[in-house]
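Undergrad: File run24.cif below, mmCIF, C-alpha atoms:
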data_work
loop_
_atom_site.group_PDB
_atom_site.id
_atom_site.type_symbol
_atom_site.label_atom_id
_atom_site.label_comp_id
_atom_site.auth_asym_id
_atom_site.auth_seq_id
_atom_site.Cartn_x
_atom_site.Cartn_y
_atom_site.Cartn_z
ATOM 1 C CA MET K 48 48.578 18.220 -27.932
ATOM 2 C CA HIS K 49 50.156 21.122 -29.792
ATOM 3 C CA ARG K 50 53.585 20.080 -31.089
ATOM 4 C CA VAL K 51 56.390 22.641 -31.096
ATOM 5 C CA VAL K 52 59.445 21.614 -33.114
ATOM 6 C CA VAL K 53 62.673 23.522 -32.469
ATOM 7 C CA LEU K 54 65.098 23.526 -35.405
ATOM 8 C CA ALA K 55 68.717 23.901 -34.242
ATOM 9 C CA LEU K 56 71.021 25.167 -36.984
ATOM 10 C CA ASP K 57 74.814 25.140 -37.022
ATOM 11 C CA GLY K 58 76.179 27.835 -34.727
ATOM 12 C CA VAL K 59 73.020 27.889 -32.594
ATOM 13 C CA TYR K 60 73.058 30.038 -29.464
ATOM 14 C CA PRO K 61 72.645 27.684 -26.473
ATOM 15 C CA PHE K 62 70.616 30.090 -24.332
ATOM 16 C CA GLU K 63 67.991 30.744 -26.985
ATOM 17 C CA LEU K 64 67.898 27.064 -27.972
ATOM 18 C CA GLY K 65 66.417 26.331 -24.541
ATOM 19 C CA ILE K 66 63.780 29.081 -24.563
ATOM 20 C CA PRO K 67 60.955 27.193 -26.339
ATOM 21 C CA ASN K 68 61.208 24.177 -24.084
ATOM 22 C CA ARG K 69 61.412 26.360 -20.984
ATOM 23 C CA VAL K 70 58.388 28.486 -21.887
ATOM 24 C CA PHE K 71 56.082 26.024 -23.649
ATOM 25 C CA GLY K 72 57.197 23.224 -21.355
ATOM 26 C CA SER K 73 56.007 25.239 -18.355
ATOM 27 C CA ALA K 74 52.431 25.286 -19.665
ATOM 28 C CA GLY K 75 51.543 21.868 -18.297
ATOM 29 C CA ASP K 76 50.545 19.269 -20.868
ATOM 30 C CA ARG K 77 49.360 21.819 -23.430
ATOM 31 C CA TYR K 78 52.475 21.547 -25.605
ATOM 32 C CA GLU K 79 54.921 18.884 -26.669
ATOM 33 C CA VAL K 80 58.370 20.292 -27.489
ATOM 34 C CA VAL K 81 60.861 18.352 -29.594
ATOM 35 C CA THR K 82 64.194 19.461 -31.026
ATOM 36 C CA CYS K 83 65.712 18.543 -34.366
ATOM 37 C CA THR K 84 68.538 19.459 -36.709
ATOM 38 C CA ALA K 85 68.446 19.909 -40.475
ATOM 39 C CA ASP K 86 70.157 16.558 -41.118
ATOM 40 C CA GLY K 87 69.742 14.671 -37.843
ATOM 41 C CA ARG K 88 73.398 15.133 -36.931
ATOM 42 C CA PRO K 89 74.833 17.074 -33.954
ATOM 43 C CA VAL K 90 75.370 20.802 -34.489
ATOM 44 C CA ARG K 91 78.064 23.097 -33.190
ATOM 45 C CA THR K 92 76.861 25.886 -30.965
ATOM 46 C CA ASP K 93 78.466 29.324 -30.970
ATOM 47 C CA SER K 94 80.146 28.248 -27.712
ATOM 48 C CA ASP K 95 82.778 25.578 -27.130
ATOM 49 C CA PHE K 96 80.487 22.545 -27.348
ATOM 50 C CA SER K 97 78.167 20.716 -29.722
ATOM 51 C CA VAL K 98 74.572 19.617 -29.258
ATOM 52 C CA ALA K 99 73.278 16.167 -30.160
ATOM 53 C CA VAL K 100 69.523 15.751 -30.649
ATOM 54 C CA GLU K 101 67.282 12.724 -31.077
ATOM 55 C CA ASN K 102 65.352 13.929 -34.120
ATOM 56 C CA GLY K 103 66.059 14.697 -37.733
ATOM 57 C CA PRO K 104 64.177 17.009 -40.107
ATOM 58 C CA GLU K 105 61.329 14.538 -40.571
ATOM 59 C CA VAL K 106 59.655 15.835 -37.376
ATOM 60 C CA LEU K 107 59.202 19.267 -38.963
ATOM 61 C CA ALA K 108 56.341 17.836 -41.022
ATOM 62 C CA THR K 109 54.529 16.955 -37.771
ATOM 63 C CA ALA K 110 54.835 20.428 -36.223
ATOM 64 C CA ASP K 111 52.017 22.791 -35.321
ATOM 65 C CA THR K 112 54.623 25.452 -34.501
ATOM 66 C CA VAL K 113 58.253 25.595 -35.629
ATOM 67 C CA VAL K 114 60.722 27.731 -33.664
ATOM 68 C CA ILE K 115 64.158 28.535 -35.076
ATOM 69 C CA PRO K 116 66.615 29.876 -32.480
ATOM 70 C CA PRO K 117 69.397 32.260 -33.561
ATOM 71 C CA TYR K 118 72.786 31.206 -34.808
ATOM 72 C CA ASP K 119 76.265 32.675 -35.219
ATOM 73 C CA GLN K 120 76.377 35.787 -37.400
ATOM 74 C CA ALA K 121 79.327 34.306 -39.307
ATOM 75 C CA ARG K 122 76.972 31.643 -40.692
ATOM 76 C CA ILE K 123 74.460 34.129 -42.128
ATOM 77 C CA THR K 124 74.149 33.733 -45.904
ATOM 78 C CA ALA K 125 71.762 34.987 -48.551
ATOM 79 C CA GLU K 126 71.200 31.399 -49.695
ATOM 80 C CA LEU K 127 70.468 28.575 -47.309
ATOM 81 C CA PRO K 128 72.630 25.448 -47.145
ATOM 82 C CA ALA K 129 70.888 22.677 -49.062
ATOM 83 C CA PRO K 130 70.009 20.567 -45.977
ATOM 84 C CA VAL K 131 68.427 23.586 -44.258
ATOM 85 C CA ALA K 132 66.431 24.556 -47.350
ATOM 86 C CA ALA K 133 65.245 20.964 -47.707
ATOM 87 C CA ALA K 134 64.286 20.781 -44.043
ATOM 88 C CA LEU K 135 62.259 23.985 -44.197
ATOM 89 C CA GLY K 136 60.572 22.678 -47.325
ATOM 90 C CA THR K 137 59.010 19.833 -45.328
ATOM 91 C CA ILE K 138 57.020 22.189 -43.079
ATOM 92 C CA ARG K 139 53.293 21.874 -43.783
ATOM 93 C CA PRO K 140 51.433 24.915 -45.156
ATOM 94 C CA GLY K 141 49.737 26.840 -42.363
ATOM 95 C CA THR K 142 52.247 25.777 -39.714
ATOM 96 C CA ARG K 143 53.128 28.620 -37.380
ATOM 97 C CA ILE K 144 56.793 29.573 -37.786
ATOM 98 C CA VAL K 145 58.778 31.637 -35.272
ATOM 99 C CA SER K 146 62.289 33.057 -35.558
ATOM 100 C CA ILE K 147 64.440 34.472 -32.782
ATOM 101 C CA CYS K 148 67.101 37.084 -33.572
ATOM 102 C CA THR K 149 69.366 36.005 -36.474
ATOM 103 C CA ALA K 150 66.997 33.193 -37.452
ATOM 104 C CA ALA K 151 64.999 35.844 -39.333
ATOM 105 C CA PHE K 152 67.804 35.697 -41.910
ATOM 106 C CA ALA K 153 67.024 32.016 -42.475
ATOM 107 C CA LEU K 154 63.317 32.715 -42.960
ATOM 108 C CA ALA K 155 64.109 35.549 -45.348
ATOM 109 C CA ALA K 156 66.565 33.410 -47.320
ATOM 110 C CA ALA K 157 63.833 30.778 -47.636
ATOM 111 C CA GLY K 158 61.459 33.390 -49.076
ATOM 112 C CA LEU K 159 59.092 33.142 -46.120
ATOM 113 C CA LEU K 160 59.276 36.864 -45.328
ATOM 114 C CA ASP K 161 58.890 38.306 -48.826
ATOM 115 C CA GLY K 162 56.581 41.327 -48.659
ATOM 116 C CA ARG K 163 55.878 40.742 -44.973
ATOM 117 C CA PRO K 164 56.672 42.742 -41.823
ATOM 118 C CA ALA K 165 59.466 41.311 -39.687
ATOM 119 C CA THR K 166 62.120 42.170 -37.159
ATOM 120 C CA THR K 167 65.544 41.009 -36.057
ATOM 121 C CA HIS K 168 68.221 42.271 -33.675
ATOM 122 C CA TRP K 169 68.653 46.029 -34.058
ATOM 123 C CA ALA K 170 72.429 45.701 -34.552
ATOM 124 C CA LEU K 171 71.854 43.587 -37.686
ATOM 125 C CA ALA K 172 69.150 45.754 -39.253
ATOM 126 C CA ASP K 173 71.311 47.415 -41.911
ATOM 127 C CA ARG K 174 72.769 44.090 -42.976
ATOM 128 C CA PHE K 175 69.309 42.539 -43.166
ATOM 129 C CA ARG K 176 67.928 45.376 -45.299
ATOM 130 C CA ARG K 177 70.815 45.128 -47.738
ATOM 131 C CA MET K 178 70.385 41.376 -48.115
ATOM 132 C CA PHE K 179 66.574 41.273 -48.186
ATOM 133 C CA PRO K 180 65.122 44.590 -49.400
ATOM 134 C CA GLY K 181 61.777 42.932 -50.107
ATOM 135 C CA VAL K 182 61.081 42.427 -46.392
ATOM 136 C CA ALA K 183 59.351 45.210 -44.433
ATOM 137 C CA LEU K 184 61.848 45.221 -41.569
ATOM 138 C CA ASP K 185 61.043 47.068 -38.339
ATOM 139 C CA ALA K 186 64.135 46.922 -36.143
ATOM 140 C CA ASP K 187 62.601 49.043 -33.376
ATOM 141 C CA VAL K 188 60.251 46.415 -31.918
ATOM 142 C CA LEU K 189 60.592 43.318 -29.756
ATOM 143 C CA PHE K 190 58.636 41.026 -32.051
ATOM 144 C CA VAL K 191 56.280 41.055 -35.018
ATOM 145 C CA ASP K 192 53.233 38.799 -35.177
ATOM 146 C CA ASP K 193 52.147 38.447 -38.798
ATOM 147 C CA GLY K 194 49.773 35.574 -38.252
ATOM 148 C CA ASP K 195 51.458 32.338 -39.270
ATOM 149 C CA VAL K 196 54.966 33.866 -39.198
ATOM 150 C CA LEU K 197 56.415 35.608 -36.146
ATOM 151 C CA THR K 198 59.863 37.161 -35.866
ATOM 152 C CA SER K 199 61.580 38.441 -32.751
ATOM 153 C CA ALA K 200 64.683 40.374 -31.805
ATOM 154 C CA GLY K 201 67.364 39.406 -29.257
ATOM 155 C CA ALA K 202 67.436 36.815 -26.495
ATOM 156 C CA ALA K 203 64.845 38.241 -24.096
ATOM 157 C CA SER K 204 62.393 38.894 -26.914
ATOM 158 C CA GLY K 205 62.524 35.170 -27.670
ATOM 159 C CA VAL K 206 60.920 34.676 -24.273
ATOM 160 C CA ASP K 207 58.452 37.475 -25.043
ATOM 161 C CA VAL K 208 57.282 35.983 -28.342
ATOM 162 C CA CYS K 209 56.873 32.497 -26.838
ATOM 163 C CA LEU K 210 54.840 33.919 -23.957
ATOM 164 C CA HIS K 211 52.823 35.878 -26.514
ATOM 165 C CA LEU K 212 51.946 32.612 -28.239
ATOM 166 C CA VAL K 213 50.972 30.934 -24.971
ATOM 167 C CA ARG K 214 48.730 33.921 -24.218
ATOM 168 C CA ALA K 215 47.199 33.763 -27.708
ATOM 169 C CA ASP K 216 46.626 30.006 -27.442
ATOM 170 C CA HIS K 217 45.440 29.701 -23.849
ATOM 171 C CA GLY K 218 44.801 33.147 -22.374
ATOM 172 C CA SER K 219 46.275 35.416 -19.751
ATOM 173 C CA ALA K 220 45.999 33.110 -16.751
ATOM 174 C CA VAL K 221 48.102 30.361 -18.340
ATOM 175 C CA ALA K 222 50.634 32.847 -19.755
ATOM 176 C CA ASN K 223 50.988 34.544 -16.377
ATOM 177 C CA PHE K 224 51.501 31.167 -14.692
ATOM 178 C CA VAL K 225 54.214 30.286 -17.213
ATOM 179 C CA ALA K 226 55.870 33.659 -16.652
ATOM 180 C CA ARG K 227 55.902 33.065 -12.905
ATOM 181 C CA CYS K 228 57.477 29.649 -13.419
ATOM 182 C CA CYS K 229 60.179 31.211 -15.584
ATOM 183 C CA VAL K 230 60.507 34.276 -13.292
ATOM 184 C CA VAL K 231 60.091 36.720 -16.186
ATOM 185 C CA PRO K 232 57.700 39.633 -16.837
ATOM 186 C CA PRO K 233 54.336 38.217 -17.918
ATOM 187 C CA TRP K 234 53.837 40.564 -20.843
ATOM 188 C CA ARG K 235 55.869 42.973 -22.917
ATOM 189 C CA ASP K 236 54.111 44.406 -25.931
ATOM 190 C CA GLY K 237 55.695 43.441 -29.246
ATOM 191 C CA GLY K 238 55.824 47.084 -30.278
ATOM 192 C CA GLN K 239 58.000 48.060 -27.342
ATOM 193 C CA ALA K 240 61.435 49.393 -28.263
ATOM 194 C CA GLN K 241 64.316 46.905 -28.458
ATOM 195 C CA TYR K 242 66.907 49.253 -27.043
ATOM 196 C CA ILE K 243 66.089 51.010 -23.772
ATOM 197 C CA GLU K 244 68.556 53.652 -22.675
ATOM 198 C CA GLN K 245 68.109 53.337 -18.908
ATOM 199 C CA PRO K 246 66.276 50.145 -17.913
ATOM 200 C CA VAL K 247 67.327 50.400 -14.246
ATOM 201 C CA PRO K 248 67.350 53.798 -12.475
ATOM 202 C CA GLN K 249 70.572 54.717 -10.731
ATOM 203 C CA THR K 250 68.741 55.284 -7.454
ATOM 204 C CA ALA K 251 65.525 53.864 -6.145
ATOM 205 C CA ASP K 252 63.749 57.239 -6.054
ATOM 206 C CA ALA K 253 64.967 58.473 -9.437
ATOM 207 C CA GLY K 254 62.776 56.351 -11.684
ATOM 208 C CA THR K 255 59.175 55.837 -12.639
ATOM 209 C CA ALA K 256 58.643 52.276 -11.354
ATOM 210 C CA ALA K 257 56.616 53.360 -8.313
ATOM 211 C CA THR K 258 54.382 55.512 -10.470
ATOM 212 C CA ARG K 259 53.873 52.697 -12.955
ATOM 213 C CA GLN K 260 52.800 50.399 -10.120
ATOM 214 C CA TRP K 261 50.459 53.100 -8.809
ATOM 215 C CA ALA K 262 48.963 53.507 -12.274
ATOM 216 C CA LEU K 263 48.346 49.768 -12.565
ATOM 217 C CA GLU K 264 46.431 49.910 -9.286
ATOM 218 C CA HIS K 265 44.296 52.816 -10.554
ATOM 219 C CA LEU K 266 43.644 51.931 -14.191
ATOM 220 C CA ASP K 267 39.947 52.639 -13.682
ATOM 221 C CA LEU K 268 40.749 56.344 -13.235
ATOM 222 C CA PRO K 269 41.095 58.782 -16.172
ATOM 223 C CA LEU K 270 44.848 59.106 -15.627
ATOM 224 C CA THR K 271 46.664 61.863 -17.481
ATOM 225 C CA LEU K 272 50.323 62.611 -18.031
ATOM 226 C CA ASN K 273 49.977 65.348 -15.421
ATOM 227 C CA ASP K 274 48.644 62.834 -12.897
ATOM 228 C CA LEU K 275 51.588 60.516 -13.492
ATOM 229 C CA ALA K 276 54.168 63.273 -13.346
ATOM 230 C CA ASP K 277 52.636 64.678 -10.148
ATOM 231 C CA HIS K 278 52.746 61.237 -8.522
ATOM 232 C CA ALA K 279 56.417 60.879 -9.499
ATOM 233 C CA ARG K 280 57.083 64.448 -8.300
ATOM 234 C CA MET K 281 58.698 65.376 -11.590
ATOM 235 C CA SER K 282 58.087 67.953 -14.245
ATOM 236 C CA LEU K 283 56.171 66.767 -17.296
ATOM 237 C CA ARG K 284 59.269 66.901 -19.492
ATOM 238 C CA THR K 285 61.488 65.061 -16.994
ATOM 239 C CA PHE K 286 58.872 62.384 -16.333
ATOM 240 C CA ALA K 287 58.201 61.742 -20.021
ATOM 241 C CA ARG K 288 61.942 61.474 -20.746
ATOM 242 C CA ARG K 289 62.682 59.133 -17.827
ATOM 243 C CA PHE K 290 59.622 57.018 -18.567
ATOM 244 C CA ARG K 291 60.702 56.447 -22.173
ATOM 245 C CA ASP K 292 64.291 55.748 -21.078
ATOM 246 C CA GLU K 293 63.105 53.080 -18.631
ATOM 247 C CA VAL K 294 60.179 51.514 -20.493
ATOM 248 C CA GLY K 295 60.965 52.157 -24.139
ATOM 249 C CA THR K 296 57.656 53.792 -24.997
ATOM 250 C CA SER K 297 55.600 56.858 -24.067
ATOM 251 C CA PRO K 298 53.444 56.997 -20.907
ATOM 252 C CA GLY K 299 50.286 57.310 -23.006
ATOM 253 C CA LYS K 300 51.032 54.272 -25.140
ATOM 254 C CA TRP K 301 52.050 52.268 -22.075
ATOM 255 C CA LEU K 302 48.756 53.102 -20.336
ATOM 256 C CA ILE K 303 46.762 51.922 -23.338
ATOM 257 C CA GLN K 304 48.771 48.684 -23.438
ATOM 258 C CA GLN K 305 48.066 48.011 -19.760
ATOM 259 C CA ARG K 306 44.361 48.793 -20.154
ATOM 260 C CA VAL K 307 44.053 46.481 -23.140
ATOM 261 C CA SER K 308 45.913 43.740 -21.249
ATOM 262 C CA ARG K 309 43.603 44.102 -18.240
ATOM 263 C CA ALA K 310 40.547 44.113 -20.505
ATOM 264 C CA ARG K 311 41.695 40.899 -22.174
ATOM 265 C CA HIS K 312 42.099 39.257 -18.779
ATOM 266 C CA LEU K 313 38.586 40.301 -17.721
ATOM 267 C CA LEU K 314 37.099 39.124 -21.013
ATOM 268 C CA GLU K 315 38.757 35.744 -20.486
ATOM 269 C CA SER K 316 38.073 35.298 -16.782
ATOM 270 C CA SER K 317 34.710 36.979 -16.142
ATOM 271 C CA ASP K 318 31.213 37.416 -17.537
ATOM 272 C CA LEU K 319 31.205 41.176 -16.979
ATOM 273 C CA PRO K 320 29.460 43.193 -19.722
ATOM 274 C CA VAL K 321 31.747 45.023 -22.125
ATOM 275 C CA ASP K 322 30.547 48.387 -20.782
ATOM 276 C CA ARG K 323 31.544 47.371 -17.257
ATOM 277 C CA ILE K 324 34.936 46.103 -18.382
ATOM 278 C CA ALA K 325 35.573 49.378 -20.211
ATOM 279 C CA GLY K 326 34.992 51.252 -16.977
ATOM 280 C CA GLU K 327 37.093 48.857 -14.919
ATOM 281 C CA VAL K 328 40.147 49.379 -17.143
ATOM 282 C CA GLY K 329 39.815 53.131 -17.665
ATOM 283 C CA PHE K 330 38.371 53.386 -21.145
ATOM 284 C CA ALA K 331 35.651 56.030 -21.144
ATOM 285 C CA THR K 332 33.194 53.985 -23.206
ATOM 286 C CA ALA K 333 32.693 50.522 -24.598
ATOM 287 C CA THR K 334 33.308 52.035 -28.035
ATOM 288 C CA SER K 335 36.734 53.184 -26.916
ATOM 289 C CA LEU K 336 37.526 49.688 -25.619
ATOM 290 C CA ARG K 337 36.408 48.157 -28.909
ATOM 291 C CA GLN K 338 38.614 50.520 -30.887
ATOM 292 C CA HIS K 339 41.713 49.913 -28.785
ATOM 293 C CA LEU K 340 41.231 46.142 -28.613
ATOM 294 C CA HIS K 341 40.728 45.951 -32.365
ATOM 295 C CA ALA K 342 43.868 48.033 -32.930
ATOM 296 C CA ALA K 343 45.842 45.711 -30.641
ATOM 297 C CA ILE K 344 44.650 42.254 -31.714
ATOM 298 C CA GLY K 345 42.256 42.811 -34.612
ATOM 299 C CA VAL K 346 38.994 41.626 -33.025
ATOM 300 C CA SER K 347 36.079 42.999 -31.028
ATOM 301 C CA PRO K 348 35.634 42.283 -27.295
ATOM 302 C CA LEU K 349 32.750 39.875 -27.909
ATOM 303 C CA ALA K 350 34.615 38.062 -30.662
ATOM 304 C CA TYR K 351 37.682 37.779 -28.437
ATOM 305 C CA ARG K 352 35.602 36.382 -25.583
ATOM 306 C CA ARG K 353 33.895 33.833 -27.848
ATOM 307 C CA THR K 354 37.190 32.755 -29.408
ATOM 308 C CA PHE K 355 38.904 32.383 -26.060
ATOM 309 C CA ARG K 356 36.029 30.453 -24.491
ATOM 310 C CA ALA K 357 35.906 28.128 -27.511
ATOM 311 C CA ALA K 358 39.669 27.537 -27.345
ATOM 312 C CA ALA K 359 39.488 26.903 -23.604
ATOM 313 C CA THR K 360 36.939 24.110 -24.057
ATOM 314 C CA ARG K 361 38.866 22.276 -26.757
#
How does this structure look as structure tokens?
TA:
Amino acid sequence: MHRVVVLALDGVYPFELGIPNRVFGSAGDRYEVVTCTADGRPVRTDSDFSVAVENGPEVLATADTVVIPPYDQARITAELPAPVAAALGTIRPGTRIVSICTAAFALAAAGLLDGRPATTHWALADRFRRMFPGVALDADVLFVDDGDVLTSAGAASGVDVCLHLVRADHGSAVANFVARCCVVPPWRDGGQAQYIEQPVPQTADAGTAATRQWALEHLDLPLTLNDLADHARMSLRTFARRFRDEVGTSPGKWLIQQRVSRARHLLESSDLPVDRIAGEVGFATATSLRQHLHAAIGVSPLAYRRTFRAAATR
């Protein structure tokens, strides 16, 4: 069983502290989630109560994945408290490490983000860059997956990055089941913008939600921006602006994300040839599917299918 160890630091945010257990714990018996503190003692939250846990830092050495929830901004320092530095030092090489929001500051202070891409909450980006100029910070995205180290932005993106890991470990069907259990969207691309100007239209007929649903039902068609705007009964300029305000990305990029997501699901759940899958999801050729899948996750369709099938049988 894959062990996820959650490290609660002083000033931890209670909501985010519960995210790993809620997400990974909804995946059946695939994960074991345990919580610890840097010295085994209770920690103050950023609210009016403390949290007592059953484990000390020794469990970090047993982790397959370590998740560090965010903590109070007032406790951010360029150098880690000695117990925290010592606790992080017990993590085995190759262990997957995940930060949510301000916890990226802890990873950076530990030197774990030097020369690597990362993100944190957009409101803290300037402070982060001043403190850690050696980190390639991208404050415009929900999360960054850099292999064995993943960083995410605010509260909701903590859910996104955990679901992303479930999807990477066990495929779309399990991740979608977990999302249904948690009543959250099953997939938001890590490159989506953190700050969305107008996430909910003022009136039901003013937004692009109906057109997005229509597009998802017709991904096999060669949809264009004109097609989407016509369906929404908007001008091209108005549609593109409202779409970005509501979704945080352009219609074209969103379509590619949905097609890649559908292709991944078909690669996992069917034996359809790659050419057939390309047609089913709206990519003109298998070559186009290969290019977009490689850009998204770094592997070819056949390699993805083999990897997923091998993981599913373990």
Undergrad: Please determine, counting all atoms listed in the file, which residue among K:Cys228, K:Ala342, K:Leu159, K:Val182 has the shortest atom-to-atom distance to Leu135 in chain K.
TA: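 Of K:Cys228, K:Ala342, K:Leu159, K:Val182, the one nearest Leu135 in chain K is K:Leu159, counting all atoms listed in the file.
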Undergrad: Taking only C-alpha atoms into account, which of K:Ala108, K:Ala331, K:Leu56, K:Val80 comes nearest Leu127 in chain K?
TA: K:Leu56
Undergrad: For CA of Val53 in chain K and CA of Arg122 in chain K, quote the distance in Å rounded to one decimal.
TA: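 So the answer is 18.4 Å.
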Undergrad: Between K:Asp187, K:His341, K:Phe330, K:Arg174, which has the minimum distance to Thr296 in chain K (counting all atoms listed in the file)?
TA: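 The shortest atom-to-atom distance to Thr296 in chain K comes from K:Asp187.
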Undergrad: For Ala172 in chain K, which of K:Cys148, K:Val98, K:Val294, K:Leu160 is the closest residue, counting all atoms listed in the file?
TA: K:Cys148
Undergrad: Taking (67.9, 17.3, -47.5) in the coordinates of the supplied file, I want to know which residues reach to within 12 Å of it, counting only C-alpha atoms; could you give the answer as number ranges by chain?
TA: K: 84-87, 103-105, 127-137
Undergrad: Taking all atoms of range 284-298 of chain K that appear in the file, build a box with edges along x, y and z, extend it by 3 Å on every side, and state its centre and edge lengths in Å to one decimal, as AutoDock Vina command-line options.
TA:
--center_x 58.9 --center_y 59.2 --center_z -20.7 --size_x 16.8 --size_y 21.4 --size_z 14.7
Undergrad: Provide the CA of Thr258 in chain K to CA of Leu210 in chain K distance in Å, to one decimal place.
TA: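 Interatomic distance here is 25.5 Å.
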Undergrad: Write out as a ChimeraX atom specification the residues lying within 12 Å of Gly194 in chain K, counting all atoms listed in the file and excluding same-chain residues fewer than 2 positions away.
TA: /K:112,141-145,160,163-165,191-192,196-198,212,215,344-345
Undergrad: Could you tell me how far CA of His278 in chain K lies from CA of Ser308 in chain K, in Å and to one decimal?
TA: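 CA of His278 in chain K sits 22.7 Å away from CA of Ser308 in chain K.
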Undergrad: Extract, using all atoms listed in the file, all DNA, RNA and protein residues at most 7 Å from Glu63 in chain K, discarding same-chain residues fewer than 6 positions from it, and format them as a list in words.
TA: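 After dropping sequence-adjacent residues, the list is Pro116, Pro117 and Ala202 of chain K.
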Undergrad: Pick out the closest residue to Val328 in chain K from this set: K:Leu263, K:Ala226, K:Ala183, K:Ala156. Count only C-alpha atoms.
TA: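 Among the listed residues, the smallest separation from Val328 in chain K belongs to K:Leu263.
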Undergrad: Only all heavy atoms, as a short mmCIF file (atom, residue, chain, number, x, y, z; two decimals), in the first residue's frame: that is what I want for range 331-337 of chain K.
TA:
data_model
loop_
_atom_site.label_atom_id
_atom_site.label_comp_id
_atom_site.auth_asym_id
_atom_site.auth_seq_id
_atom_site.Cartn_x
_atom_site.Cartn_y
_atom_site.Cartn_z
N ALA K 331 -6.84 15.19 -35.67
CA ALA K 331 -6.97 14.82 -37.08
C ALA K 331 -6.24 13.53 -37.41
O ALA K 331 -6.70 12.73 -38.23
CB ALA K 331 -6.45 15.96 -37.96
N THR K 332 -5.10 13.30 -36.76
CA THR K 332 -4.29 12.12 -37.05
C THR K 332 -3.71 11.55 -35.77
O THR K 332 -3.68 12.21 -34.73
CB THR K 332 -3.12 12.47 -37.99
OG1 THR K 332 -2.24 13.39 -37.32
CG2 THR K 332 -3.63 13.09 -39.29
N ALA K 333 -3.23 10.32 -35.87
CA ALA K 333 -2.55 9.72 -34.73
C ALA K 333 -1.28 10.50 -34.38
O ALA K 333 -0.90 10.60 -33.21
CB ALA K 333 -2.20 8.26 -35.04
N THR K 334 -0.64 11.06 -35.39
CA THR K 334 0.55 11.88 -35.15
C THR K 334 0.22 13.08 -34.28
O THR K 334 0.97 13.44 -33.35
CB THR K 334 1.17 12.34 -36.47
OG1 THR K 334 1.56 11.19 -37.24
CG2 THR K 334 2.39 13.22 -36.23
N SER K 335 -0.91 13.71 -34.58
CA SER K 335 -1.34 14.86 -33.78
C SER K 335 -1.60 14.44 -32.34
O SER K 335 -1.20 15.14 -31.39
CB SER K 335 -2.59 15.48 -34.38
OG SER K 335 -3.03 16.58 -33.62
N LEU K 336 -2.25 13.31 -32.14
CA LEU K 336 -2.49 12.81 -30.78
C LEU K 336 -1.17 12.56 -30.07
O LEU K 336 -1.00 12.94 -28.90
CB LEU K 336 -3.31 11.52 -30.84
CG LEU K 336 -3.43 10.74 -29.52
CD1 LEU K 336 -4.02 11.60 -28.42
CD2 LEU K 336 -4.27 9.47 -29.72
N ARG K 337 -0.23 11.93 -30.76
CA ARG K 337 1.08 11.66 -30.14
C ARG K 337 1.76 12.95 -29.70
O ARG K 337 2.32 13.03 -28.60
CB ARG K 337 1.97 10.90 -31.11
CG ARG K 337 1.51 9.48 -31.41
CD ARG K 337 2.54 8.72 -32.24
NE ARG K 337 1.99 7.45 -32.67
CZ ARG K 337 1.44 7.22 -33.85
NH1 ARG K 337 1.38 8.20 -34.75
NH2 ARG K 337 0.96 6.03 -34.14
#
